[in-house]
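Structure file protein-v4.cif (mmCIF, C-alpha atoms) is printed below.
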data_start
#
loop_
_atom_site.label_atom_id
_atom_site.label_comp_id
_atom_site.auth_asym_id
_atom_site.auth_seq_id
_atom_site.Cartn_x
_atom_site.Cartn_y
_atom_site.Cartn_z
CA MET A 1144 -18.01 15.93 -9.07
CA ASN A 1145 -16.14 14.63 -12.12
CA LYS A 1146 -12.91 13.78 -10.27
CA LEU A 1147 -11.94 13.32 -6.62
CA ASP A 1148 -11.38 16.60 -4.78
CA SER A 1149 -7.98 15.57 -3.41
CA THR A 1150 -4.93 13.91 -4.96
CA THR A 1151 -3.01 13.62 -1.68
CA VAL A 1152 -2.44 10.20 -0.12
CA VAL A 1153 -2.94 10.72 3.62
CA GLN A 1154 -2.94 7.14 4.91
CA ILE A 1155 -1.81 3.60 4.07
CA GLY A 1156 -3.88 0.87 5.74
CA ILE A 1157 -2.43 -2.60 6.35
CA ILE A 1158 -4.42 -5.62 7.48
CA VAL A 1159 -2.53 -7.72 10.01
CA LYS A 1160 -3.26 -10.67 12.27
CA ASP A 1161 -1.84 -9.03 15.40
CA ALA A 1162 -1.67 -5.22 15.48
CA GLU A 1163 0.41 -5.13 18.67
CA LYS A 1164 3.04 -7.49 17.31
CA THR A 1165 3.30 -5.78 13.91
CA ALA A 1166 3.45 -2.34 15.57
CA SER A 1167 6.40 -3.54 17.66
CA HIS A 1168 8.26 -4.52 14.47
CA TYR A 1169 7.65 -1.04 12.97
CA ALA A 1170 8.94 0.55 16.18
CA GLU A 1171 12.09 -1.57 16.01
CA VAL A 1172 12.80 -1.18 12.28
CA PHE A 1173 12.17 2.60 12.11
CA GLY A 1174 13.27 3.53 15.64
CA ILE A 1175 9.93 5.14 16.48
CA PRO A 1176 7.96 4.97 19.75
CA MET A 1177 5.71 1.93 20.13
CA PRO A 1178 2.29 3.00 18.76
CA ALA A 1179 -0.79 2.53 20.94
CA VAL A 1180 -3.27 -0.14 19.83
CA VAL A 1181 -6.85 1.16 20.05
CA PRO A 1182 -10.30 -0.28 19.34
CA ILE A 1183 -12.02 0.81 16.12
CA ALA A 1184 -15.72 0.69 15.14
CA ASP A 1185 -16.67 -0.22 18.71
CA ASP A 1186 -18.91 2.71 19.62
CA SER A 1187 -22.51 3.68 19.05
CA PHE A 1188 -21.51 6.26 16.44
CA ALA A 1189 -19.60 3.72 14.37
CA ASN A 1190 -22.71 2.79 12.32
CA THR A 1191 -20.70 0.22 10.40
CA ASN A 1192 -22.32 -0.84 7.14
CA TYR A 1193 -20.77 -3.68 5.16
CA ARG A 1194 -22.07 -4.46 1.67
CA GLY A 1195 -25.40 -2.76 2.36
CA GLN A 1196 -26.07 -4.29 5.78
CA ALA A 1197 -25.45 -3.03 9.29
CA SER A 1198 -22.50 -4.83 10.90
CA THR A 1199 -21.20 -5.00 14.44
CA ALA A 1200 -17.72 -5.83 13.17
CA LYS A 1201 -14.91 -4.33 15.16
CA GLY A 1202 -11.15 -4.06 14.92
CA LYS A 1203 -8.00 -3.01 16.68
CA ALA A 1204 -5.73 -0.45 15.08
CA ALA A 1205 -2.36 1.21 15.56
CA PHE A 1206 -1.78 4.63 13.99
CA PHE A 1207 1.59 6.28 13.46
CA ASP A 1208 3.24 8.58 10.94
CA LEU A 1209 6.01 7.68 8.52
CA GLY A 1210 6.87 11.06 7.05
CA PRO A 1211 3.85 12.69 5.43
CA VAL A 1212 1.73 9.54 5.50
CA GLN A 1213 -0.21 8.03 8.37
CA MET A 1214 0.12 4.27 8.70
CA GLU A 1215 -2.84 2.29 10.05
CA LEU A 1216 -2.35 -1.32 11.11
CA ILE A 1217 -5.75 -2.99 11.36
CA GLU A 1218 -6.44 -6.28 13.12
CA PRO A 1219 -9.95 -7.56 12.34
CA VAL A 1220 -11.73 -8.59 15.52
CA SER A 1221 -15.12 -9.72 14.28
CA ALA A 1222 -16.98 -10.13 11.00
CA PRO A 1223 -18.38 -9.17 8.57
CA SER A 1224 -16.08 -6.37 7.45
CA THR A 1225 -13.77 -5.54 4.58
CA TRP A 1226 -10.92 -5.99 7.07
CA GLU A 1227 -11.89 -9.59 7.90
CA GLU A 1228 -12.68 -10.34 4.24
CA PHE A 1229 -9.26 -9.07 3.12
CA LEU A 1230 -7.37 -11.12 5.73
CA ARG A 1231 -9.34 -14.26 4.84
CA THR A 1232 -8.91 -13.89 1.07
CA HIS A 1233 -5.49 -12.18 0.74
CA GLY A 1234 -3.67 -12.73 4.01
CA GLU A 1235 -1.75 -9.88 5.60
CA GLY A 1236 -1.09 -6.97 3.27
CA ILE A 1237 -1.86 -3.40 2.29
CA HIS A 1238 -5.63 -2.97 2.20
CA HIS A 1239 -6.15 0.66 1.21
CA ILE A 1240 -4.77 4.10 0.49
CA ALA A 1241 -6.83 7.00 1.83
CA PHE A 1242 -7.76 10.46 0.57
CA LYS A 1243 -9.75 13.23 2.21
CA THR A 1244 -12.93 14.50 0.63
CA GLN A 1245 -15.04 17.57 1.37
CA ASP A 1246 -18.17 15.91 -0.02
CA MET A 1247 -18.51 12.24 0.86
CA ASP A 1248 -21.83 11.69 -0.95
CA ALA A 1249 -20.61 13.28 -4.18
CA ALA A 1250 -17.31 11.38 -4.06
CA ARG A 1251 -19.07 8.05 -3.50
CA LYS A 1252 -21.53 8.77 -6.31
CA PHE A 1253 -18.76 9.78 -8.70
CA LEU A 1254 -16.80 6.58 -8.02
CA ALA A 1255 -19.94 4.42 -8.26
CA SER A 1256 -20.63 5.97 -11.68
CA LYS A 1257 -17.22 4.58 -12.74
CA GLY A 1258 -18.06 1.09 -11.44
CA MET A 1259 -16.38 1.54 -8.04
CA GLU A 1260 -18.97 0.87 -5.36
CA THR A 1261 -18.77 1.48 -1.63
CA ILE A 1262 -18.11 -1.79 0.22
CA GLN A 1263 -18.08 -0.48 3.77
CA HIS A 1264 -18.80 2.82 5.44
CA GLY A 1265 -19.13 4.17 8.93
CA GLY A 1266 -17.97 6.88 11.24
CA TRP A 1267 -16.00 7.85 14.26
CA ASP A 1268 -16.30 10.65 16.79
CA GLY A 1269 -15.65 13.49 14.35
CA GLY A 1270 -15.86 12.02 10.89
CA GLN A 1271 -16.95 9.47 8.33
CA TYR A 1272 -15.16 6.95 6.15
CA ALA A 1273 -16.02 4.88 3.10
CA TYR A 1274 -14.08 2.02 1.55
CA ILE A 1275 -14.44 1.76 -2.22
CA GLU A 1276 -14.06 -1.50 -4.18
CA SER A 1277 -11.62 -0.13 -6.74
CA THR A 1278 -9.13 -3.00 -6.88
CA LYS A 1279 -10.09 -3.91 -10.46
CA GLN A 1280 -9.59 -0.33 -11.68
CA LEU A 1281 -6.85 1.06 -9.37
CA GLY A 1282 -5.14 -2.06 -8.01
CA THR A 1283 -6.22 -1.27 -4.44
CA ILE A 1284 -9.19 -0.34 -2.29
CA LEU A 1285 -9.59 3.44 -1.81
CA GLU A 1286 -10.68 4.94 1.47
CA LEU A 1287 -12.46 8.29 1.54
CA LEU A 1288 -12.20 10.28 4.78
CA HIS A 1289 -14.40 13.21 5.75
CA SER A 1290 -14.01 15.29 8.90
CA ASP A 1291 -17.25 16.76 10.22
CA MET B 1234 22.88 0.58 11.66
CA ASN B 1235 20.34 -0.32 14.39
CA LYS B 1236 17.33 1.24 12.63
CA LEU B 1237 16.58 2.42 9.11
CA ASP B 1238 18.00 5.86 8.33
CA SER B 1239 14.70 7.23 7.01
CA THR B 1240 11.12 7.08 8.27
CA THR B 1241 9.61 8.81 5.22
CA VAL B 1242 7.45 6.82 2.80
CA VAL B 1243 8.46 8.03 -0.66
CA GLN B 1244 6.68 5.53 -2.91
CA ILE B 1245 3.78 3.07 -3.02
CA GLY B 1246 4.21 0.26 -5.57
CA ILE B 1247 1.21 -1.56 -7.01
CA ILE B 1248 1.38 -4.72 -9.11
CA VAL B 1249 -1.13 -4.66 -11.97
CA LYS B 1250 -1.89 -6.78 -15.01
CA ASP B 1251 -1.96 -3.82 -17.43
CA ALA B 1252 -0.09 -0.66 -16.40
CA GLU B 1253 -1.52 1.42 -19.26
CA LYS B 1254 -5.10 0.55 -18.40
CA THR B 1255 -4.69 1.08 -14.64
CA ALA B 1256 -2.86 4.38 -15.25
CA SER B 1257 -5.81 5.57 -17.33
CA HIS B 1258 -8.16 4.88 -14.41
CA TYR B 1259 -5.94 6.91 -12.04
CA ALA B 1260 -5.91 9.77 -14.55
CA GLU B 1261 -9.71 9.70 -14.72
CA VAL B 1262 -10.40 9.34 -10.98
CA PHE B 1263 -7.88 11.96 -9.81
CA GLY B 1264 -8.02 14.32 -12.81
CA ILE B 1265 -4.28 14.05 -13.45
CA PRO B 1266 -2.43 13.81 -16.79
CA MET B 1267 -2.12 10.29 -18.20
CA PRO B 1268 1.21 8.94 -16.88
CA ALA B 1269 3.73 7.54 -19.36
CA VAL B 1270 4.33 3.78 -19.28
CA VAL B 1271 8.05 2.98 -19.42
CA PRO B 1272 10.16 -0.20 -19.42
CA ILE B 1273 11.92 -1.16 -16.18
CA ALA B 1274 14.89 -3.48 -15.59
CA ASP B 1275 15.52 -3.70 -19.33
CA ASP B 1276 19.03 -2.28 -19.55
CA SER B 1277 22.54 -3.58 -19.00
CA PHE B 1278 22.84 -1.71 -15.69
CA ALA B 1279 19.71 -3.33 -14.29
CA ASN B 1280 21.67 -6.31 -12.87
CA THR B 1281 18.46 -7.85 -11.61
CA ASN B 1282 18.99 -10.48 -8.94
CA TYR B 1283 16.02 -12.48 -7.71
CA ARG B 1284 16.41 -14.80 -4.71
CA GLY B 1285 20.16 -15.00 -5.18
CA GLN B 1286 20.21 -15.61 -8.94
CA ALA B 1287 20.65 -13.27 -11.89
CA SER B 1288 17.35 -12.70 -13.66
CA THR B 1289 16.46 -11.14 -16.99
CA ALA B 1290 12.97 -10.33 -15.72
CA LYS B 1291 11.54 -7.06 -16.96
CA GLY B 1292 8.50 -4.95 -16.35
CA LYS B 1293 6.55 -1.92 -17.47
CA ALA B 1294 5.85 0.88 -15.03
CA ALA B 1295 3.94 4.13 -14.73
CA PHE B 1296 5.13 6.73 -12.21
CA PHE B 1297 3.11 9.68 -10.95
CA ASP B 1298 2.73 11.68 -7.75
CA LEU B 1299 -0.29 11.75 -5.45
CA GLY B 1300 0.66 14.48 -3.03
CA PRO B 1301 3.95 13.71 -1.27
CA VAL B 1302 4.06 10.09 -2.40
CA GLN B 1303 5.13 8.67 -5.75
CA MET B 1304 2.89 5.94 -7.10
CA GLU B 1305 4.45 3.17 -9.20
CA LEU B 1306 2.21 0.85 -11.19
CA ILE B 1307 4.22 -2.22 -12.18
CA GLU B 1308 3.20 -4.71 -14.86
CA PRO B 1309 5.42 -7.81 -14.77
CA VAL B 1310 6.65 -8.66 -18.26
CA SER B 1311 8.80 -11.72 -17.65
CA ALA B 1312 9.89 -13.99 -14.81
CA PRO B 1313 11.38 -14.64 -12.32
CA SER B 1314 10.81 -11.49 -10.29
CA THR B 1315 9.07 -10.42 -7.09
CA TRP B 1316 6.63 -8.57 -9.36
CA GLU B 1317 5.61 -11.71 -11.26
CA GLU B 1318 5.57 -13.78 -8.05
CA PHE B 1319 3.27 -11.28 -6.33
CA LEU B 1320 0.81 -11.16 -9.24
CA ARG B 1321 0.73 -14.96 -9.45
CA THR B 1322 0.26 -15.53 -5.72
CA HIS B 1323 -1.75 -12.44 -4.62
CA GLY B 1324 -3.31 -10.99 -7.75
CA GLU B 1325 -3.29 -7.23 -8.30
CA GLY B 1326 -2.51 -5.22 -5.19
CA ILE B 1327 -0.03 -3.06 -3.32
CA HIS B 1328 3.37 -4.73 -3.43
CA HIS B 1329 5.63 -2.38 -1.48
CA ILE B 1330 6.24 0.89 0.29
CA ALA B 1331 9.63 2.50 -0.34
CA PHE B 1332 12.13 4.40 1.78
CA LYS B 1333 15.41 6.03 0.83
CA THR B 1334 18.65 4.91 2.44
CA GLN B 1335 22.12 6.45 2.41
CA ASP B 1336 23.77 3.07 3.01
CA MET B 1337 22.20 0.21 1.09
CA ASP B 1338 24.54 -2.50 2.40
CA ALA B 1339 24.09 -1.51 6.05
CA ALA B 1340 20.29 -1.23 5.66
CA ARG B 1341 20.07 -4.67 4.04
CA LYS B 1342 22.30 -6.22 6.71
CA PHE B 1343 20.29 -4.61 9.52
CA LEU B 1344 17.00 -5.93 8.12
CA ALA B 1345 18.48 -9.39 7.48
CA SER B 1346 19.59 -9.50 11.13
CA LYS B 1347 15.89 -9.09 12.03
CA GLY B 1348 14.84 -11.95 9.73
CA MET B 1349 13.97 -9.73 6.74
CA GLU B 1350 16.01 -10.90 3.79
CA THR B 1351 16.48 -9.22 0.41
CA ILE B 1352 14.35 -10.97 -2.22
CA GLN B 1353 15.32 -8.90 -5.25
CA HIS B 1354 17.82 -6.17 -5.95
CA GLY B 1355 19.10 -4.29 -8.93
CA GLY B 1356 19.75 -0.86 -10.28
CA TRP B 1357 18.85 1.82 -12.73
CA ASP B 1358 20.80 4.64 -14.36
CA GLY B 1359 21.56 6.56 -11.18
CA GLY B 1360 20.68 4.28 -8.31
CA GLN B 1361 20.02 0.94 -6.70
CA TYR B 1362 16.99 -0.73 -5.17
CA ALA B 1363 16.36 -3.72 -2.91
CA TYR B 1364 13.07 -5.41 -2.08
CA ILE B 1365 12.93 -6.89 1.41
CA GLU B 1366 10.73 -9.85 2.41
CA SER B 1367 9.18 -8.17 5.44
CA THR B 1368 5.54 -9.19 4.97
CA LYS B 1369 5.56 -11.44 8.04
CA GLN B 1370 6.95 -8.66 10.27
CA LEU B 1371 5.56 -5.44 8.68
CA GLY B 1372 2.57 -6.65 6.63
CA THR B 1373 4.20 -5.58 3.36
CA ILE B 1374 7.38 -5.80 1.33
CA LEU B 1375 9.75 -2.85 1.90
CA GLU B 1376 11.75 -1.30 -0.90
CA LEU B 1377 15.03 0.45 -0.16
CA LEU B 1378 16.14 3.10 -2.66
CA HIS B 1379 19.63 4.55 -2.95
CA SER B 1380 20.66 7.31 -5.33
CA ASP B 1381 24.29 7.16 -6.45
#
Re-express the file's structure as structure tokens.
Amino acid sequence: MNKLDSTTVVQIGIIVKDAEKTASHYAEVFGIPMPAVVPIADDSFANTNYRGQASTAKGKAAFFDLGPVQMELIEPVSAPSTWEEFLRTHGEGIHHIAFKTQDMDAARKFLASKGMETIQHGGWDGGQYAYIESTKQLGTILELLHSD
Amino acid sequence: MNKLDSTTVVQIGIIVKDAEKTASHYAEVFGIPMPAVVPIADDSFANTNYRGQASTAKGKAAFFDLGPVQMELIEPVSAPSTWEEFLRTHGEGIHHIAFKTQDMDAARKFLASKGMETIQHGGWDGGQYAYIESTKQLGTILELLHSD
């Protein structure tokens, strides 16, 4: 792989202190139904790895669509995670933009070869994700998403 | 207006120290043509207003599409502006997500009634923009865009 295999932004992820409260503001401002707030990284298949070490960090998230892009509001629940680190060092704000990949290993290796290392990875029931420390190069963290 | 008149994210704006350099990293990572870097807010029609005062602040920007979303890399050139303020207080990162509106005045008044005030507004040859201080409520600054 000598470039990412998708150029389509599929998700914008925002770190917030209170996912329920922020979701209610989105519902009000955009006139959309109140999004559900669900646990993330809380199951046996999560396999969360943060900076090379297994982590039991969890979060709460609200997912909803604004046009073609999925919004994810993430409330860090425990540490260590990139979510908790971002809130502690930046405050609330946009944490990542996400892209799908067909080949997670190749995409991670390609980005690492350009100095952009994986800072956290894990899975859910049906897929895998990896967060890439690309702020220095791209001005934001990238998330790679792969559906099994 | 009792909600915004669009729920479609049209742009993600990232504040960077060097738009040319960051644009070159996007070109490399996504395999897209190198975006042009152009001056913003540098013309007589810009009418930049920052926190209630006229401002001669300028910037440089690179625009390119990643799927359905336009990316805008903004390098602050002079102060005072929300761009310069963000870089100084947050460092490089995602500054705003943008939505179109048919009625800029009504959209700004609606958001102000919810505690989200305009922090900067201005225009370009063909339209107007307003940045809204909505970080506390929505986890990010909103930008409203109106084409004349």
Just say which residues the PyMOL selection byres ((chain B) within 8 of (chain A)) picks in this file, as an MDAnalysis selection string. chainID B and resid 1235:1242 1247:1249 1255:1256 1258:1259 1261:1264 1299:1302 1323 1325:1328 1344 1368:1373
Nearest to His1264 in chain A by atom-to-atom distance, counting only C-alpha atoms, from A:Glu1276, A:Glu1218, A:Asp1161, A:Phe1206: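 Closest residue, counting only C-alpha atoms: A:Glu1276.
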Between CA of Glu1350 in chain B and CA of Gly1285 in chain B, what distance in Å does the model show, to one decimal?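 These two atoms are separated by 10.7 Å.
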If the PyMOL selection byres ((chain B and resi 1361) around 8) were run on this exact file, what residues would it hold? Put them as JSON, numbers by chain. {"B": [1354, 1355, 1356, 1357, 1359, 1360, 1362, 1363, 1378, 1379, 1380, 1381]}
Quick one: pull the distance between CA of Pro1309 in chain B and CA of Ala1294 in chain B, Å, one decimal.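 Separation between CA of Pro1309 in chain B and CA of Ala1294 in chain B: 8.7 Å.
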Can you tell me how far CA of Ala1205 in chain A sits from CA of Val1220 in chain A, in Å to one decimal? 13.6 Å
Using the chain letters and numbers from the file, give me the residues hit by the PyMOL selection byres ((chain A and resi 1221) around 12), as a list in words.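 For this structure, the PyMOL selection byres ((chain A and resi 1221) around 12) captures Pro1182, Ile1183, Ala1184, Asp1185, Ser1198, Thr1199, Ala1200, Lys1201, Gly1202, Lys1203, Ile1217, Glu1218, Pro1219, Val1220, Ala1222, Pro1223, Ser1224, Thr1225, Trp1226, Glu1227, Glu1228, Leu1230 and Arg1231 of chain A.
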